[in-house]
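Quick notes on the structure that follows.
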Amino acid sequence: MENRCSSNGRTYAYNGISADGPGNPAFERAGPTLYAPSIYINIWGWNSTVEVMNTGSATANVQFQFKGRSGYGDIPYQSNIPPNGRTTIALGGGPWVGSLVIESTNGQPLAAVVHEHHTGQAARAYNVSAAGSTPLYVPAAYKNQWGMTSGLTVQNVGSASTTAYLYFYDRDGRYRTSHTLSNIGAKRAAGVWLGNVSGLGTSWTGWVKVVSYGQPLAIAVTTVRPEGYYDYTGASTAGNAGILPWAAKNADGRTTGYTVLNTSGSHVQVTATYYGGGGSVSHSETYSLSPGEVVGRHQSNDPLPNGWQGSIVLQANEPLVVVMREDGVSTTSAYNGVAR
């Protein structure tokens, strides 16, 4: 499921969350402990709001541990959430920037999303993580390419300090450069703005593999476009199918485009099947991906009628990581493809 919110010229999107069962822990599952890599309180024009739901059968005793970056202190907060209840956390004060750990001390499963609002009417959102992983993949990243630049915030969700190694690859899978985030404390986060990564040259687009040799990680990805900002979550590979629940071609001024990454060391055949709202097939195509290759498909270029809305399912014989972006006239948003 994909959730989209739009009001007052702001648009953001995020994934629905499963209370149990299969899913990628980076963004698809509820759990008793959740991790949010980037939280802002009245800083650089941004304020974060955290929406938390108790999906369990008993009242959840929830501890919120706001972990400040260097120069910013920690902030404790506590709340009790009834079964199937929800609470909204929007702290005042600041300026402050850091990460967040949300823990149900009595083991009740929680689901949460972070949405962020800017004083300039921009908005963005991402799913928190119910567990960390390494490596993690960022399938679409940019430095001064097509008016877009990305930033990555990496949270160490482990129990000891760690170093995160970021490996950058061109869209055809060729290695470009690396960047290191050293000595990230337990449960804390560090960030990098790709505009400051000199090894990427003046203009670049591709993908990023993020590795910690010892501790699990969670990642929030932010991209700035002329139309605004969007977020999504760095993902581990979880299956050979990528499901995109909502796609469109010039529907109410909105058109989508997806980016798919072959994380394997083998050539793969990807079949993309487009389904209309009634479930019938609108279009299907098959293409090849080399090891480490990224391919983008913007629905404006697909043989679909104007006004089309539906879903897209990608299938391959090796694991895929997919992200979907929505472009409006003056807004932008993104969500993670659901891996199965």
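By convention here, the chains of the structure tokens are called A, B, ... in the order presented, each chain's residues are numbered starting at 1, and ligands are numbered starting at 1 in the order presented.
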Once you count only C-alpha atoms, what closest atom pair and distance in Å to one decimal does each residue of stretch 135-181 of chain A within 7 Å of stretch 37-49 of chain A have, with rows by chain and rising residue number, as a Markdown table?
```
| residue | atom | partner | partner_atom | distance |
| --- | --- | --- | --- | --- |
| A:Thr153 | CA | A:Pro37 | CA | 6.1 |
| A:Val154 | CA | A:Pro37 | CA | 6.2 |
| A:Gln155 | CA | A:Pro37 | CA | 5.0 |
```
Can you spit out the residues from that selection as an mmCIF file, in the first residue's frame, using C-alpha atoms?
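Saved to again_25.cif:
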```
data_model
loop_
_atom_site.group_PDB
_atom_site.id
_atom_site.type_symbol
_atom_site.label_atom_id
_atom_site.label_comp_id
_atom_site.auth_asym_id
_atom_site.auth_seq_id
_atom_site.Cartn_x
_atom_site.Cartn_y
_atom_site.Cartn_z
ATOM 1 C CA THR A 153 21.254 10.207 6.722
ATOM 2 C CA VAL A 154 22.659 6.957 8.140
ATOM 3 C CA GLN A 155 21.621 5.740 11.601
#
```
Using only C-alpha atoms, I'd like a table of the residues in stretch 292-311 of chain A that come within 10 Å of stretch 126-149 of chain A; for each, show the closest atom pair and its distance in Å rounded to one decimal, ordered by chain and ascending number, as a Markdown table.
```
| residue | atom | partner | partner_atom | distance |
| --- | --- | --- | --- | --- |
| A:Gly292 | CA | A:Pro139 | CA | 9.9 |
| A:Glu293 | CA | A:Pro139 | CA | 9.6 |
| A:Val294 | CA | A:Pro139 | CA | 7.2 |
| A:Val295 | CA | A:Pro139 | CA | 9.4 |
| A:Gly296 | CA | A:Ala140 | CA | 9.0 |
```
Residue subset to file, keeping C-alpha atoms, as a PDB file, in the first residue's frame:
```pdb
ATOM      1  CA  GLY A 292      24.724  -3.420 -10.536  1.00  0.00           C
ATOM      2  CA  GLU A 293      22.788  -1.637 -13.273  1.00  0.00           C
ATOM      3  CA  VAL A 294      19.977   0.853 -12.654  1.00  0.00           C
ATOM      4  CA  VAL A 295      17.177   1.551 -15.127  1.00  0.00           C
ATOM      5  CA  GLY A 296      14.566   4.288 -14.900  1.00  0.00           C
TER       6      GLY A 296
END
```
inquiry  = Need to verify the contact set: A:Glu227, 8 Å, only C-alpha atoms, exclusion of same-chain residues closer than 2 positions in sequence. Can you return it as a PyMOL selection string?
reply    = chain A and resi 225+229+328-332
query = When DSSP works through the backbone of this structure, what residues of stretch 257-332 of chain A end up as strand (DSSP E or B), shown as a ChimeraX atom specification?
reply = /A:257-262,268-276,281-289,294-298,308-315,320-327,332
Spatial neighbours of A:Phe64, max dist 7 Å, only C-alpha atoms, sep filter under 6 positions, as a PyMOL selection string = chain A and resi 76-78+100-103
Using N, CA and C atoms, can you write the selected residues to a file as a PDB file, in the first residue's frame?
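For reference, selection_36.pdb as written:
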```
ATOM      1  N   PRO A  76      14.504  13.039  26.143  1.00  0.00           N
ATOM      2  CA  PRO A  76      13.641  11.892  26.444  1.00  0.00           C
ATOM      3  C   PRO A  76      12.166  12.282  26.369  1.00  0.00           C
ATOM      4  N   TYR A  77      11.330  11.321  26.028  1.00  0.00           N
ATOM      5  CA  TYR A  77       9.886  11.562  25.966  1.00  0.00           C
ATOM      6  C   TYR A  77       9.192  10.225  26.189  1.00  0.00           C
ATOM      7  N   GLN A  78       8.005  10.243  26.782  1.00  0.00           N
ATOM      8  CA  GLN A  78       7.276   9.015  27.080  1.00  0.00           C
ATOM      9  C   GLN A  78       5.802   9.191  26.760  1.00  0.00           C
ATOM     10  N   LEU A 100      16.093   9.203  16.145  1.00  0.00           N
ATOM     11  CA  LEU A 100      15.082   8.830  17.129  1.00  0.00           C
ATOM     12  C   LEU A 100      15.000   7.313  17.231  1.00  0.00           C
ATOM     13  N   VAL A 101      14.896   6.837  18.478  1.00  0.00           N
ATOM     14  CA  VAL A 101      14.584   5.446  18.759  1.00  0.00           C
ATOM     15  C   VAL A 101      13.248   5.416  19.484  1.00  0.00           C
ATOM     16  N   ILE A 102      12.304   4.620  18.980  1.00  0.00           N
ATOM     17  CA  ILE A 102      10.983   4.475  19.581  1.00  0.00           C
ATOM     18  C   ILE A 102      10.884   3.048  20.097  1.00  0.00           C
ATOM     19  N   GLU A 103      10.658   2.889  21.394  1.00  0.00           N
ATOM     20  CA  GLU A 103      10.666   1.548  21.979  1.00  0.00           C
ATOM     21  C   GLU A 103       9.432   1.310  22.834  1.00  0.00           C
TER      22      GLU A 103
END
```
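A straight line drawn from atom CA of A:Arg69 to atom CA of A:Ser333 is 26.5 Å long.
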key: Near-stretch 260-275 of chain A list (6 Å; only C-alpha atoms; drop same-chain fewer than 2 positions) as a PyMOL selection string   = chain A and resi 139+279-295+310-316+320-322
task = Measure the distance from atom CA of A:Thr256 to atom CA of A:Asn336 in Å and round it to one decimal.
result =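 Between atom CA of A:Thr256 and atom CA of A:Asn336 the gap works out to 12.7 Å.
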inquiry  = Rounded to one decimal, what separation in Å do you get between atom CA of A:Ala123 and atom CA of A:Gly85?
reply    =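 Pair atom CA of A:Ala123 / atom CA of A:Gly85 returns 24.7 Å.
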task = Give the answer as one residue: which of A:Ile219, A:Val338, A:Val192, A:Val113 has the shortest atom-to-atom distance to A:Asn240, using only C-alpha atoms?
result = A:Val338
request  = Do a neighbour search on A:Tyr230 at 8 Å with only C-alpha atoms, toss out local chain neighbours closer than 4 positions, and write the hits as a PyMOL selection string.
outcome  = chain A and resi 12+123-125+222-224+332-334
Kindly save the residues from that selection, with N, CA and C atoms included, as a compact mmCIF listing (two decimals), in the first residue's frame.
```txt
# COMPACT_ATOMS: atom_id res chain seq x y z
N TYR A 12 3.39 14.60 0.04
CA TYR A 12 4.36 13.58 0.43
C TYR A 12 3.69 12.22 0.39
N ALA A 123 7.14 19.72 1.85
CA ALA A 123 6.90 18.61 2.78
C ALA A 123 7.52 17.34 2.21
N ARG A 124 7.82 16.40 3.11
CA ARG A 124 8.37 15.11 2.71
C ARG A 124 8.09 14.13 3.84
N ALA A 125 8.21 12.82 3.56
CA ALA A 125 7.91 11.81 4.57
C ALA A 125 8.69 10.53 4.27
N THR A 222 16.96 11.89 1.18
CA THR A 222 16.26 13.12 0.81
C THR A 222 16.80 13.61 -0.53
N THR A 223 15.90 14.00 -1.43
CA THR A 223 16.30 14.60 -2.70
C THR A 223 15.58 15.92 -2.89
N VAL A 224 16.34 16.91 -3.32
CA VAL A 224 15.81 18.24 -3.63
C VAL A 224 15.63 18.35 -5.13
N THR A 332 6.37 17.21 -5.59
CA THR A 332 7.05 15.95 -5.84
C THR A 332 6.97 15.09 -4.59
N SER A 333 6.99 13.77 -4.75
CA SER A 333 6.99 12.84 -3.62
C SER A 333 7.55 11.51 -4.11
N ALA A 334 7.78 10.59 -3.18
CA ALA A 334 8.33 9.29 -3.54
C ALA A 334 7.93 8.26 -2.50
```
task = Can you pull out every residue within 12 Å of A:Glu326, counting only C-alpha atoms, but drop anything in the same chain fewer than 6 positions away, and send it as a PyMOL selection string?
result = chain A and resi 2+4+11-14+225+227-231+244+246-259+297-300+332-336
Selection to disk with N, CA and C atoms, as a short mmCIF file (atom, residue, chain, number, x, y, z; two decimals), in the first residue's frame:
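Dumped everything to selection18.cif:
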```cif
data_model
loop_
_atom_site.label_atom_id
_atom_site.label_comp_id
_atom_site.auth_asym_id
_atom_site.auth_seq_id
_atom_site.Cartn_x
_atom_site.Cartn_y
_atom_site.Cartn_z
N GLU A 2 0.43 2.27 -0.73
CA GLU A 2 1.11 3.56 -0.74
C GLU A 2 0.13 4.62 -0.26
N ARG A 4 -0.63 8.70 0.18
CA ARG A 4 -0.25 9.99 -0.36
C ARG A 4 -1.06 11.07 0.33
N THR A 11 2.99 17.99 -0.86
CA THR A 11 2.68 16.59 -1.15
C THR A 11 3.77 15.70 -0.61
N TYR A 12 3.39 14.60 0.04
CA TYR A 12 4.36 13.58 0.43
C TYR A 12 3.69 12.22 0.39
N ALA A 13 4.53 11.18 0.33
CA ALA A 13 4.02 9.81 0.23
C ALA A 13 4.87 8.90 1.11
N TYR A 14 4.26 7.77 1.53
CA TYR A 14 4.99 6.76 2.28
C TYR A 14 4.26 5.44 2.13
N ARG A 225 14.42 18.76 -5.55
CA ARG A 225 14.11 19.01 -6.95
C ARG A 225 13.62 20.45 -7.08
N GLU A 227 10.82 21.27 -7.99
CA GLU A 227 9.43 21.26 -7.54
C GLU A 227 9.29 21.07 -6.03
N GLY A 228 10.38 20.73 -5.33
CA GLY A 228 10.28 20.52 -3.90
C GLY A 228 11.24 19.43 -3.42
N TYR A 229 10.81 18.70 -2.39
CA TYR A 229 11.64 17.68 -1.75
C TYR A 229 10.88 16.36 -1.69
N TYR A 230 11.63 15.25 -1.67
CA TYR A 230 11.01 13.97 -1.35
C TYR A 230 11.98 13.10 -0.58
N ASP A 231 11.41 12.18 0.23
CA ASP A 231 12.17 11.23 1.03
C ASP A 231 11.80 9.81 0.65
N LEU A 244 4.68 -1.74 -7.07
CA LEU A 244 4.45 -0.30 -7.02
C LEU A 244 2.94 -0.07 -7.04
N TRP A 246 0.86 2.39 -6.74
CA TRP A 246 0.21 3.48 -7.47
C TRP A 246 1.16 4.05 -8.50
N ALA A 247 0.66 4.16 -9.73
CA ALA A 247 1.40 4.76 -10.83
C ALA A 247 0.42 5.55 -11.68
N ALA A 248 0.93 6.51 -12.44
CA ALA A 248 0.03 7.37 -13.21
C ALA A 248 0.76 7.97 -14.40
N LYS A 249 -0.05 8.32 -15.41
CA LYS A 249 0.43 9.09 -16.55
C LYS A 249 -0.51 10.26 -16.76
N ASN A 250 -0.05 11.45 -16.41
CA ASN A 250 -0.82 12.68 -16.57
C ASN A 250 -2.23 12.54 -16.01
N ALA A 251 -2.32 12.02 -14.78
CA ALA A 251 -3.60 11.90 -14.09
C ALA A 251 -3.71 13.03 -13.08
N ASP A 252 -4.61 13.96 -13.33
CA ASP A 252 -4.74 15.15 -12.48
C ASP A 252 -3.41 15.89 -12.36
N GLY A 253 -2.67 15.93 -13.46
CA GLY A 253 -1.41 16.65 -13.48
C GLY A 253 -0.25 15.90 -12.88
N ARG A 254 -0.43 14.61 -12.54
CA ARG A 254 0.62 13.84 -11.88
C ARG A 254 1.08 12.69 -12.77
N THR A 255 2.40 12.50 -12.84
CA THR A 255 2.99 11.39 -13.57
C THR A 255 4.10 10.78 -12.72
N THR A 256 4.19 9.46 -12.75
CA THR A 256 5.18 8.76 -11.94
C THR A 256 6.35 8.27 -12.79
N GLY A 257 7.42 7.88 -12.10
CA GLY A 257 8.56 7.25 -12.74
C GLY A 257 9.28 6.39 -11.72
N TYR A 258 9.66 5.18 -12.11
CA TYR A 258 10.33 4.30 -11.15
C TYR A 258 11.79 4.07 -11.56
N THR A 259 12.59 3.74 -10.55
CA THR A 259 13.99 3.36 -10.74
C THR A 259 14.19 2.00 -10.11
N ARG A 297 12.27 4.22 -15.60
CA ARG A 297 11.15 4.28 -16.54
C ARG A 297 10.18 5.35 -16.07
N HIS A 298 10.03 6.41 -16.87
CA HIS A 298 9.07 7.46 -16.56
C HIS A 298 7.80 7.18 -17.34
N GLN A 299 6.67 7.16 -16.64
CA GLN A 299 5.43 6.74 -17.29
C GLN A 299 4.96 7.68 -18.39
N SER A 300 5.54 8.87 -18.45
CA SER A 300 5.22 9.76 -19.57
C SER A 300 5.68 9.18 -20.90
N THR A 332 6.37 17.21 -5.59
CA THR A 332 7.05 15.95 -5.84
C THR A 332 6.97 15.09 -4.59
N SER A 333 6.99 13.77 -4.75
CA SER A 333 6.99 12.84 -3.62
C SER A 333 7.55 11.51 -4.11
N ALA A 334 7.78 10.59 -3.18
CA ALA A 334 8.33 9.29 -3.54
C ALA A 334 7.93 8.26 -2.50
N TYR A 335 7.98 6.98 -2.90
CA TYR A 335 7.78 5.89 -1.95
C TYR A 335 8.60 4.69 -2.40
N ASN A 336 8.88 3.79 -1.45
CA ASN A 336 9.63 2.58 -1.76
C ASN A 336 8.75 1.55 -2.44
#
```
